[in-house]
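Engineer: If you scroll down you'll find the structure; I have some questions about it.
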Amino acid sequence: MSTSAVHSLWTTAAEPISKIDTPKIEYGQLSPVLIIVGAAVVGVLIEAAVPRKTRYYAQVFVAVVALIAAFAAVVALAAGGYATTKSGIAAMGAIAVDGPALFLQGTILLAGLVGLFTFAERRLDPEAHGNRVDSFAAQAASVPGSDSEKAAVKAGFTTTEVFPLLMFAVAGMLVFPAANDLLTLFIALEVFSLPLYLMCALARRKRLMSQEAAVKYFLLGAFASAFTLFGIAMLYGYAGSVSYATIAQVVDGTVPDVNPALADTMGNDALLLIGSAMIVMGLLFKVGAVPFHMWTPDVYQGAPTPVTGFMAAATKVAAFGALLRLLYVVLPGLRWDWRPVMWGVAIVTMLGGAIIAITQTDIKRLLAYSSIAHAGFILAGVIATTPDGVSSVLFYLAAYSFVTIGAFAVVTLVRDAGGEATHLSNWAGLGRRSPLVAAVFAVFLLAFAGIPLTSGFAGKFAVFKAAAEGGAAPLVVVGVISSAIAAFFYIRVIVLMFFSEPRPEGPTVAVPSPLTMTAIGVGVAVTLVLGVAPQYFLDLANQASVFVR
C-alpha cells in the first residue's frame with residue numbers, strides 16, 4: 001500500500017471528529033457528593049499539614065460539618081422537587097437525581113454521622129501512657145507486637161487517617177445507588193470498598209485477627225469486583241452502551257437507531273443473561289446474601305467494632321439501592337428471568353442466616369449472621385417488583401441502619417482486660433450489673449427480631465406486605481418462619497443478660513463519652529419512633545419510590 005493511500009485513510013478517518021462538547025455538570029444537584037469528597041481531600045491535607053496533637057479535633061470537626069452540610073443539601077434538593085417532579089439525570093448521564101437516590105443518600109449520610117461518633121470515641125479504653133486512645137491502632141504501618149508499635153503507643157500516636165477514609169467511603173456510597181451507567185457504578189464500588197478494606201485492618205486490640213479480616217475481605221471483594229467488571233463488559237457487548245437507559249431500551253427492543261456494527265451482537269441473549277447475572281452477583285456479595293456471604297462473619301468479628309457498625313449499616317443501604325436501580329431500571333424486561341433466581345437467593349439467605357446464627361457464641365458473629373438474615377428479608381421487598389416494593393425496601397434500610405450502628409455501639413461498651421468482651425458467656429448477668437446498657441441492647445435485639453412497637457416490626461411488615469401483593473406469598477411464609485427462628489436467638493441473649501447470675505470475674509461496662517451516648521441514643525430514638533409512629537416515614541419512602549428512567 002502506497003504512502004498516499006495510507007495518508008488518504010488517515011484523512012478519511014480523521015474527518016468526522018468535529019468538536020468535543022464541553023461537559024455539562026449540574027453542581028447543585030451533585031452537591032452532597034461534592035461536599036463529602038471535598039471534606040475527604042481536606043482530611044488528607046490535615047494529615048499532612050496539621051500538628052499531631054490537634055489532628056484528631058480538626059478531623060472530627062471537618063467530618064461532622066461536612067456530613068451535616070451534605071445532609072442539608074440532600075434535604076434542600078428533596079424540598080426543591082428533585083425527588084419527584086424535577087428528578088432527572090445529571091453529570092452527562094452518569095448520576096440519577098431522583099427520589100430513591102436522595103432517600104438513600106440521606107440515610108447513608110445520617111448513618112455516617114452516627115458511625116463517626118463511634119469512630120471518635122476515646123474514653124472506653126484506659127489511658128495509655130497518659131494519652132486517651134480510640135479503637136484504632138496507634139500506628140497502622142507497624143507490625144503487631146513490635147518495638148515500633150510499642151513506641152507509637154508510648155508516644156500517644158493515633159490513626160486519625162480513619163476520618164478521611166470514612167469520608168471517601170461515604171462519598172462512594174452516595175454515588176453507588178445513584179449511578180446511572182455501569183462505569184460510574186463500578187468506580188463508586190471501588191471508591192467505597194477500598195477504604196473499608198483498610199479500616200478493617202486497624203483495630204487497636206486483637207490486631208492480627210483484624211488484619212486477617214481485612215485480607216479476607218479484600219481478596220473476596222476483589223473477586224466480586226472482577227465478576228462485576230466482567231458483567232459490565234458483557235452488557236456493553238450486548239447493548240453497545242453502558243448507560244442504563246440504553247441497555248433497558250435494547251432489552252425491550254425499543255432502541256431507536258441501531259449502529260450497524262452492533263446490530264449482530266445486540267440480539268445475543270447469552271451476553272445479556274450472563275452479564276446481568278455477574279453484576280447482580282457482585283451486588284449480592286456487598287449485601288451479604290447467601291451464597292456470597294462467607295466473608296461477613298469473619299470480617300464483622302475481626303474489624304474494629306465502630307467500623308463493623310458503619311459497614312453493616314451503610315454498605316447494605318448503598319448496595320441495595322444499586323441493586324434496586326439495576327433490576328427496576330435496567331432489567332425490568334428480564335423480570336421473568338431474574339425473579340426465580342432472586343426467590344432462591346432470598347429463601348436461602350433468610351433461612352441460612354437465621355439457622356447458623358443459633359450456633360454462634362460470639363456476639364459480633366451473631367450480629368453478622370443476623371445481618372445476613374436481614375438481607376434476605378430486604379430481598380423479599382426487592383422481588384415484589386412494585387412501587388410498594390421499592391418504598392418498603394427504602395423504609396427497612398433506614399430503620400435497619402440505625403438499629404445496627406446502635407447495637408454495635410453497645411458492644412463496644414462491654415469490656416475486660418483484653419478489650420471488648422464479645423464472647424456470649426461474658427454477657428451473662430449484664431442486666432444486673434448494668435441495667436441501662438442491657439435494656440438498651442434488649443431494645444435493639446427486639447427490633448432485629450421484629451417485635452411490634454419497634455422499627456423492625458414496621459419494616460418487616462412493609463416488606464412482607466409488598467412481597468405478598470407482588471405475588472410472592474410463599475416467600476412471606478418462609479420469611480415469617482425465619483423471623484421466628486431468629487427471634488429465638490435474640491431472646492436467648494436477652495434471657496442471658498437478665499436471668500443469669502453475673503460471673504464474679506466478668507467484664508465491666510465502660511462509661512462512654514457523649515459521642516457514643518449520642519450514637520446509642522439516636523439508635524433507640526429511631527427504633528421507637530419508627531416502631532410507634534411509622535406512617536410519616538412510610539409516606540416519605542412512598543413519595544421517594546419512583547426511579548427516573
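Identifiers for the C-alpha cells are assigned positionally: chains receive A, B, ... in sequence, residues are indexed from 1 per chain, and ligands are indexed from 1 in the order shown.
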If you run DSSP on the backbone, which residues of region 270-446 of chain A are alpha helix (DSSP H), as an MDAnalysis selection string?
Structural biologist: chainID A and resid 270:287 295:302 305:310 316:325 335:357 363:383 387:411 430:433 435:446
Engineer: Residues within 12 Å of region 471-480 of chain A, please, as a count of residues only. Count only C-alpha atoms; anything in the same chain fewer than 5 positions from it doesn't count.
Structural biologist: 43
Engineer: Within 10 Å of Ala141 (chain A), counting only C-alpha atoms, which residues qualify if same-chain residues fewer than 4 places away don't, as a PyMOL selection string?
Structural biologist: chain A and resi 137+148-149+159+202
Engineer: Save out the residues we just selected, N, CA, C and O atoms, as a PDB file, in the first residue's frame.
Structural biologist:
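Output below, filename again25.pdb:
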ATOM      1  N   ALA A 137      -5.554   1.307  65.755  1.00  0.00           N
ATOM      2  CA  ALA A 137      -4.138   1.067  66.034  1.00  0.00           C
ATOM      3  C   ALA A 137      -3.386   2.387  66.172  1.00  0.00           C
ATOM      4  O   ALA A 137      -3.689   3.367  65.487  1.00  0.00           O
ATOM      5  N   SER A 148       8.327  -0.941  67.323  1.00  0.00           N
ATOM      6  CA  SER A 148       7.827   0.327  66.762  1.00  0.00           C
ATOM      7  C   SER A 148       6.386   0.572  67.200  1.00  0.00           C
ATOM      8  O   SER A 148       5.987   1.707  67.454  1.00  0.00           O
ATOM      9  N   GLU A 149       5.609  -0.522  67.339  1.00  0.00           N
ATOM     10  CA  GLU A 149       4.227  -0.337  67.802  1.00  0.00           C
ATOM     11  C   GLU A 149       4.222   0.135  69.253  1.00  0.00           C
ATOM     12  O   GLU A 149       3.481   1.059  69.624  1.00  0.00           O
ATOM     13  N   THR A 159      -4.337   6.780  64.951  1.00  0.00           N
ATOM     14  CA  THR A 159      -4.549   6.724  63.496  1.00  0.00           C
ATOM     15  C   THR A 159      -5.733   7.622  63.134  1.00  0.00           C
ATOM     16  O   THR A 159      -6.868   7.158  63.036  1.00  0.00           O
ATOM     17  N   LEU A 202      -7.448  -2.017  61.111  1.00  0.00           N
ATOM     18  CA  LEU A 202      -6.845  -1.026  62.006  1.00  0.00           C
ATOM     19  C   LEU A 202      -7.213  -1.179  63.477  1.00  0.00           C
ATOM     20  O   LEU A 202      -7.112  -0.216  64.233  1.00  0.00           O
TER      21      LEU A 202
END
Engineer: Per residue of region 485-543 of chain A within 9 Å of region 93-114 of chain A, note the shortest atom pair and the distance in Å to one decimal, counting only C-alpha atoms, and order the rows by chain and increasing residue number, as a tab-separated table.
Structural biologist:
residue	atom	partner	partner_atom	distance
A:Leu515	CA	A:Val114	CA	8.7
A:Thr516	CA	A:Val114	CA	8.6
A:Thr518	CA	A:Val114	CA	7.7
A:Ala519	CA	A:Val114	CA	5.2
A:Ile520	CA	A:Val114	CA	8.6
A:Val522	CA	A:Val114	CA	7.8
A:Gly523	CA	A:Val114	CA	8.7
A:Leu540	CA	A:Phe103	CA	8.6
A:Ala541	CA	A:Phe103	CA	7.3
A:Gln543	CA	A:Gly99	CA	7.2
Engineer: Find the residues near Pro306 (chain A): any atom within 7 Å, counting only C-alpha atoms, skip ones fewer than 6 places away on the same chain, and give them as a ChimeraX atom specification.
Structural biologist: /A:115,118-119,408-409
Engineer: Can you write out the residues you just picked, keeping C-alpha atoms, as a PDB file, in the first residue's frame?
Structural biologist:
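File produced: again17.pdb:
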ATOM      1  CA  GLY A 115     -20.994   5.995  62.849  1.00  0.00           C
ATOM      2  CA  THR A 118     -18.375   5.830  67.488  1.00  0.00           C
ATOM      3  CA  PHE A 119     -15.136   6.294  65.473  1.00  0.00           C
ATOM      4  CA  PHE A 408     -22.517  -2.334  67.678  1.00  0.00           C
ATOM      5  CA  ALA A 409     -22.008   0.844  69.737  1.00  0.00           C
TER       6      ALA A 409
END
Engineer: Can you tell me which residues surround Ser225 (chain A) at a distance of at most 12 Å, considering only C-alpha atoms, apart from same-chain residues fewer than 3 positions away, and format the answer as a ChimeraX atom specification?
Structural biologist: /A:185-194,217-222,228-232,278-286
Engineer: Applying 12 Å and only C-alpha atoms, which residues near Thr296 (chain A) remain after dropping the ones on its own chain fewer than 4 positions away? List them as a PyMOL selection string.
Structural biologist: chain A and resi 200+213-214+216-218+220-221+284-292+300-303+308+311-312+315-316+353+364-373+375
Engineer: Keeping only N, CA, C and O atoms, write the selected residues to a file as a compact mmCIF listing (two decimals), in the first residue's frame.
Structural biologist:
# COMPACT_ATOMS: atom_id res chain seq x y z
N CYS A 200 -10.80 -2.04 58.10
CA CYS A 200 -10.98 -3.33 58.79
C CYS A 200 -9.69 -3.80 59.46
O CYS A 200 -9.72 -4.59 60.39
N ALA A 213 -8.98 -10.35 58.97
CA ALA A 213 -10.31 -9.99 58.46
C ALA A 213 -10.19 -9.10 57.24
O ALA A 213 -10.90 -9.28 56.24
N ALA A 214 -9.26 -8.14 57.29
CA ALA A 214 -9.10 -7.22 56.16
C ALA A 214 -8.63 -7.95 54.91
O ALA A 214 -9.11 -7.68 53.80
N LYS A 216 -9.10 -11.16 54.18
CA LYS A 216 -10.21 -11.95 53.66
C LYS A 216 -11.18 -11.08 52.87
O LYS A 216 -11.62 -11.42 51.77
N TYR A 217 -11.51 -9.94 53.46
CA TYR A 217 -12.48 -9.03 52.83
C TYR A 217 -11.93 -8.52 51.51
O TYR A 217 -12.63 -8.46 50.49
N PHE A 218 -10.63 -8.19 51.51
CA PHE A 218 -10.01 -7.65 50.30
C PHE A 218 -9.99 -8.68 49.17
O PHE A 218 -10.37 -8.40 48.03
N LEU A 220 -11.81 -11.52 48.78
CA LEU A 220 -13.15 -11.88 48.29
C LEU A 220 -13.80 -10.68 47.60
O LEU A 220 -14.51 -10.84 46.60
N GLY A 221 -13.53 -9.48 48.12
CA GLY A 221 -14.08 -8.28 47.48
C GLY A 221 -13.50 -8.08 46.09
O GLY A 221 -14.20 -7.66 45.16
N LEU A 284 -24.85 -8.71 45.24
CA LEU A 284 -25.29 -9.61 46.32
C LEU A 284 -24.13 -9.89 47.28
O LEU A 284 -24.34 -10.09 48.48
N PHE A 285 -22.91 -9.89 46.76
CA PHE A 285 -21.74 -10.05 47.64
C PHE A 285 -21.68 -8.89 48.63
O PHE A 285 -21.49 -9.09 49.83
N LYS A 286 -21.85 -7.67 48.13
CA LYS A 286 -21.78 -6.48 49.01
C LYS A 286 -22.89 -6.53 50.05
O LYS A 286 -22.74 -6.05 51.17
N VAL A 287 -24.05 -7.05 49.65
CA VAL A 287 -25.20 -7.10 50.55
C VAL A 287 -25.01 -8.19 51.61
O VAL A 287 -25.54 -8.10 52.71
N GLY A 288 -24.22 -9.22 51.26
CA GLY A 288 -24.01 -10.33 52.20
C GLY A 288 -25.08 -11.39 52.09
O GLY A 288 -25.47 -12.00 53.08
N ALA A 289 -25.58 -11.62 50.85
CA ALA A 289 -26.61 -12.65 50.67
C ALA A 289 -25.94 -14.01 50.46
O ALA A 289 -24.87 -14.09 49.88
N VAL A 290 -26.59 -15.07 50.96
CA VAL A 290 -26.11 -16.43 50.72
C VAL A 290 -26.26 -16.71 49.21
O VAL A 290 -27.28 -16.34 48.64
N PRO A 291 -25.34 -17.33 48.51
CA PRO A 291 -24.09 -17.97 48.95
C PRO A 291 -22.86 -17.06 48.86
O PRO A 291 -21.76 -17.57 48.78
N PHE A 292 -23.06 -15.74 48.84
CA PHE A 292 -21.91 -14.82 48.71
C PHE A 292 -21.61 -14.16 50.06
O PHE A 292 -21.14 -13.04 50.12
N TYR A 300 -16.84 -9.08 60.16
CA TYR A 300 -17.54 -8.36 61.24
C TYR A 300 -16.85 -8.60 62.57
O TYR A 300 -16.77 -7.73 63.41
N GLN A 301 -16.38 -9.85 62.77
CA GLN A 301 -15.75 -10.18 64.06
C GLN A 301 -14.38 -9.53 64.19
O GLN A 301 -14.02 -9.04 65.26
N GLY A 302 -13.62 -9.52 63.09
CA GLY A 302 -12.23 -9.05 63.19
C GLY A 302 -12.06 -7.55 63.10
O GLY A 302 -11.14 -6.99 63.68
N ALA A 303 -12.95 -6.86 62.38
CA ALA A 303 -12.80 -5.42 62.19
C ALA A 303 -13.02 -4.68 63.51
O ALA A 303 -13.70 -5.18 64.40
N THR A 308 -17.24 -2.03 61.99
CA THR A 308 -18.24 -3.06 61.72
C THR A 308 -19.64 -2.45 61.69
O THR A 308 -20.44 -2.74 60.81
N MET A 311 -20.06 -0.27 58.61
CA MET A 311 -20.05 -1.09 57.39
C MET A 311 -21.37 -1.87 57.26
O MET A 311 -21.96 -1.93 56.18
N ALA A 312 -21.81 -2.45 58.39
CA ALA A 312 -23.03 -3.26 58.36
C ALA A 312 -24.23 -2.42 57.95
O ALA A 312 -25.12 -2.89 57.24
N THR A 315 -23.12 0.04 54.05
CA THR A 315 -22.87 -0.76 52.83
C THR A 315 -24.16 -1.39 52.34
O THR A 315 -24.43 -1.44 51.14
N LYS A 316 -24.97 -1.90 53.28
CA LYS A 316 -26.24 -2.51 52.89
C LYS A 316 -27.14 -1.50 52.19
O LYS A 316 -27.76 -1.80 51.17
N GLY A 353 -29.12 -17.49 57.30
CA GLY A 353 -28.69 -16.53 58.32
C GLY A 353 -29.29 -16.84 59.67
O GLY A 353 -28.61 -16.83 60.71
N LYS A 364 -20.47 -10.55 68.05
CA LYS A 364 -20.31 -9.89 66.74
C LYS A 364 -20.63 -10.85 65.60
O LYS A 364 -21.21 -10.46 64.59
N ARG A 365 -20.26 -12.12 65.77
CA ARG A 365 -20.60 -13.11 64.73
C ARG A 365 -22.12 -13.32 64.69
O ARG A 365 -22.71 -13.49 63.63
N LEU A 366 -22.73 -13.31 65.87
CA LEU A 366 -24.19 -13.48 65.93
C LEU A 366 -24.88 -12.34 65.17
O LEU A 366 -25.79 -12.56 64.37
N LEU A 367 -24.40 -11.11 65.40
CA LEU A 367 -24.98 -9.96 64.69
C LEU A 367 -24.68 -10.04 63.19
O LEU A 367 -25.47 -9.58 62.36
N ALA A 368 -23.53 -10.64 62.83
CA ALA A 368 -23.20 -10.79 61.40
C ALA A 368 -24.20 -11.72 60.72
O ALA A 368 -24.72 -11.41 59.65
N TYR A 369 -24.48 -12.88 61.36
CA TYR A 369 -25.45 -13.80 60.74
C TYR A 369 -26.85 -13.20 60.76
O TYR A 369 -27.64 -13.42 59.85
N SER A 370 -27.13 -12.39 61.79
CA SER A 370 -28.43 -11.72 61.81
C SER A 370 -28.52 -10.75 60.62
O SER A 370 -29.55 -10.62 59.98
N SER A 371 -27.40 -10.08 60.29
CA SER A 371 -27.44 -9.15 59.16
C SER A 371 -27.64 -9.90 57.84
O SER A 371 -28.25 -9.38 56.90
N ILE A 372 -27.13 -11.14 57.76
CA ILE A 372 -27.36 -11.96 56.56
C ILE A 372 -28.86 -12.27 56.44
O ILE A 372 -29.46 -12.14 55.36
N ALA A 373 -29.48 -12.67 57.57
CA ALA A 373 -30.92 -12.95 57.54
C ALA A 373 -31.70 -11.71 57.12
O ALA A 373 -32.65 -11.79 56.33
N ALA A 375 -30.67 -9.34 55.19
CA ALA A 375 -30.51 -9.16 53.73
C ALA A 375 -31.57 -9.97 53.00
O ALA A 375 -32.14 -9.52 51.99
Engineer: Have a look at CA of Gly521 (chain A) and CA of Leu166 (chain A) and let me know their distance in Å, one decimal.
Structural biologist: 21.5 Å
